[in-house]
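Taking it in order: structure first as structure tokens, then the write-up.
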Amino acid sequence: MARKSASGRIGIADVAVKAGVSHATVSRVMNGNFTVDPDIAARVRAAAAELKYQPNPVGRSLALGKTDTIGIVVPDLANPTFQAILRGLSRAAAQDGYRVLIADSFEVSSEESILAGEARRRCDGLVLCAPRMTDAELEEISPSLHPLVLINRTTGAPDVPSLVVDYGQGVQDIAGHLVELGHTRLAFLAGPPRSASNEMRLKGLEKFKAAHPGVDVAMLEGGSDFDTGHEAVDAVLASGATGILAFNDLVAMGLMSGLHERGLDVPGDISVTGFDDIPFARYTTPALTTAAVPITELGEQAWHQLRALIRKEGNETPGGRYEPRLEVRASTGPVKAPRSTVHG
């Protein structure tokens with residue numbers, strides 16, 4: 001009977017003695033090397049099973065040069081949008097035997113490059129989700145992160161796939177919906193200043209304003225969370241806007257909560273829209289008009305792109321572009337008609 005090692009743990013040496021083969025043969029069989037004679041491989045596996053041998057994952061990773069782990073860096077894991085992307089990524093990766101390491105930069109852009117580098121050293125590949133770092137920083141760091149997939153950012157490197165949502169078109173669709181309802185004074189509650197998707201929204205609104213000279217669009221400072229929207233009530237009311245485009249659904253929900261506390265009716269007094277269509281959006285009171293983004297699919301596709309890079313498979317059409325879909329619900333309605341004055 002094979003003896004346990006000094007540590008009390010069954011090791012490769014024990015399996016080798018039991019099966020009557022070399023240490024190297026056991027290692028090749030455990031690592032899935034198919035060049036070993038099938039009968040010998042079966043004998044090794046039988047010995048390992050009898051001894052209840054469990055391969056050392058660290059040693060296996062060193063031997064194979066891979067960890068079966070990928071990393072994802074997000075700016076705010078508390079945001080349901082990033083949670084959904086992570087869900088899609090982790091489920092898809094798990095089907096191929098990969099785990100996901102998560103790094104949250106908490107909207108601190110200066111931490112992103114450090115986190116990305118640390119995560120990449122521990123993983124076989126990396127997904128950077130909506131990074132807040134500048135274009136120059138992204139271009140500088142991306143070569144050291146390969147294999148790398150970007151979500152909602154692009155880089156000049158041809159070997160870095162990018163999955164991008166067309167936020168510019170999405171925000172134009174929402175603004176157009178409000179105008180169709182008779183709103184000519186709109187306000188945009190902006191997102192984080194270094195957010196690339198916020199910049200895309202701003203560019204989309206510039207196009208919209210150029211095409212609709214009779215519509216006023218006020219630009220208000222904002223953010224990306226519920227508190228941002230809740231604290232923006234005074235600024236929104238001061239703008240005189242009757243239709244509000246919030247950076248995302250969380251901001252819209254915070255705003256609706258604040259308006260309700262002031263005794264204002266949505267959409268009777270003011271219409272509010274969001275962006276992303278997170279799971280809660282349809283269950284707010286009133287249900288939120290928003291632009292739906294295939295969030296979970298973004299995560300799934302990020303894994304498929306990264307898997308192709310890790311396995312060095314050909315990929316003729318890396319990356320992809322996604323069009324948001326307008327979801328009209330109860331938080332938007334016709335502009336409130338001004339009270340008429342009756343002359344006696």
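Labeling convention for the structure tokens: chains A, B, ... as they appear, residues from 1 per chain, ligands from 1 in order of appearance.
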**OP:** List the neighbours of Pro158 (chain A) out to 9 Å using only C-alpha atoms; skip same-chain residues closer than 3 positions along the sequence, and give me the result as JSON, numbers by chain.
**Re:** {"A": [155, 161, 318]}
For the residues in that selection, give me C-alpha atoms as an mmCIF file, in the first residue's frame.
```cif
data_model
loop_
_atom_site.group_PDB
_atom_site.id
_atom_site.type_symbol
_atom_site.label_atom_id
_atom_site.label_comp_id
_atom_site.auth_asym_id
_atom_site.auth_seq_id
_atom_site.Cartn_x
_atom_site.Cartn_y
_atom_site.Cartn_z
ATOM 1 C CA THR A 155 -8.491 50.724 -28.658
ATOM 2 C CA PRO A 161 -11.945 42.854 -29.478
ATOM 3 C CA PRO A 318 -13.792 40.291 -33.421
#
```
Original post:
Can you list, as a ChimeraX atom specification, every protein, DNA or RNA residue that comes within 12 Å of Pro38 (chain A) when you count only C-alpha atoms, leaving out same-chain residues fewer than 6 positions away?
Top reply: /A:25,29,32,44-45
Report the closest atom pair, with its distance in Å rounded to one decimal, for each residue of region 176-271 of chain A that has an atom no farther than 10 Å from region 81-91 of chain A; count only C-alpha atoms, sort by chain and then rising residue number, and write it as a tab-separated table.
```
residue	atom	partner	partner_atom	distance
A:Asn248	CA	A:Thr81	CA	9.3
A:Asp249	CA	A:Thr81	CA	9.3
A:Leu250	CA	A:Thr81	CA	9.6
```
Residues from the last selection, all heavy atoms, saved as a PDB file, in the first residue's frame:
```pdb
ATOM      1  N   ASN A 248     -28.732  56.609 -16.451  1.00  0.00           N
ATOM      2  CA  ASN A 248     -29.101  55.192 -16.419  1.00  0.00           C
ATOM      3  C   ASN A 248     -30.356  55.003 -15.570  1.00  0.00           C
ATOM      4  O   ASN A 248     -30.924  55.971 -15.045  1.00  0.00           O
ATOM      5  CB  ASN A 248     -27.934  54.323 -15.919  1.00  0.00           C
ATOM      6  CG  ASN A 248     -27.545  54.615 -14.481  1.00  0.00           C
ATOM      7  OD1 ASN A 248     -28.284  55.239 -13.727  1.00  0.00           O
ATOM      8  ND2 ASN A 248     -26.359  54.170 -14.091  1.00  0.00           N
ATOM      9  N   ASP A 249     -30.778  53.769 -15.435  1.00  0.00           N
ATOM     10  CA  ASP A 249     -32.020  53.484 -14.713  1.00  0.00           C
ATOM     11  C   ASP A 249     -31.919  53.827 -13.235  1.00  0.00           C
ATOM     12  O   ASP A 249     -32.892  54.296 -12.632  1.00  0.00           O
ATOM     13  CB  ASP A 249     -32.388  52.006 -14.868  1.00  0.00           C
ATOM     14  CG  ASP A 249     -32.740  51.624 -16.297  1.00  0.00           C
ATOM     15  OD1 ASP A 249     -33.070  52.540 -17.080  1.00  0.00           O
ATOM     16  OD2 ASP A 249     -32.688  50.430 -16.623  1.00  0.00           O
ATOM     17  N   LEU A 250     -30.760  53.579 -12.620  1.00  0.00           N
ATOM     18  CA  LEU A 250     -30.611  53.881 -11.195  1.00  0.00           C
ATOM     19  C   LEU A 250     -30.810  55.368 -10.928  1.00  0.00           C
ATOM     20  O   LEU A 250     -31.479  55.765  -9.973  1.00  0.00           O
ATOM     21  CB  LEU A 250     -29.233  53.445 -10.699  1.00  0.00           C
ATOM     22  CG  LEU A 250     -29.002  51.950 -10.498  1.00  0.00           C
ATOM     23  CD1 LEU A 250     -27.570  51.720 -10.026  1.00  0.00           C
ATOM     24  CD2 LEU A 250     -29.989  51.370  -9.500  1.00  0.00           C
TER      25      LEU A 250
END
```
Original post:
Can you list, as a ChimeraX atom specification, every residue of region 116-301 of chain A that DSSP puts in helix (DSSP H, G or I)?
Top reply: /A:116-121,135-145,167-180,196-211,226-231,233-239,249-261,281-283,295-301
Subject >> Nearest to Val272 (chain A) by atom-to-atom distance, counting only C-alpha atoms, from A:Met253, A:Val179, A:Val217, A:Val108 >> reply: A:Met253
**OP:** Using only C-alpha atoms, find the one residue out of A:Pro334, A:Gly191, A:Gly204, A:Gly125 that sits nearest to Leu220 (chain A).
**Re:**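 Among A:Pro334, A:Gly191, A:Gly204, A:Gly125, it is A:Gly191 that comes nearest to Leu220 (chain A).
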**OP:** Just give me the gap between CA of Val160 (chain A) and CA of Ala196 (chain A) in Å, one decimal is fine.
**Re:**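 Interatomic distance here is 17.0 Å.
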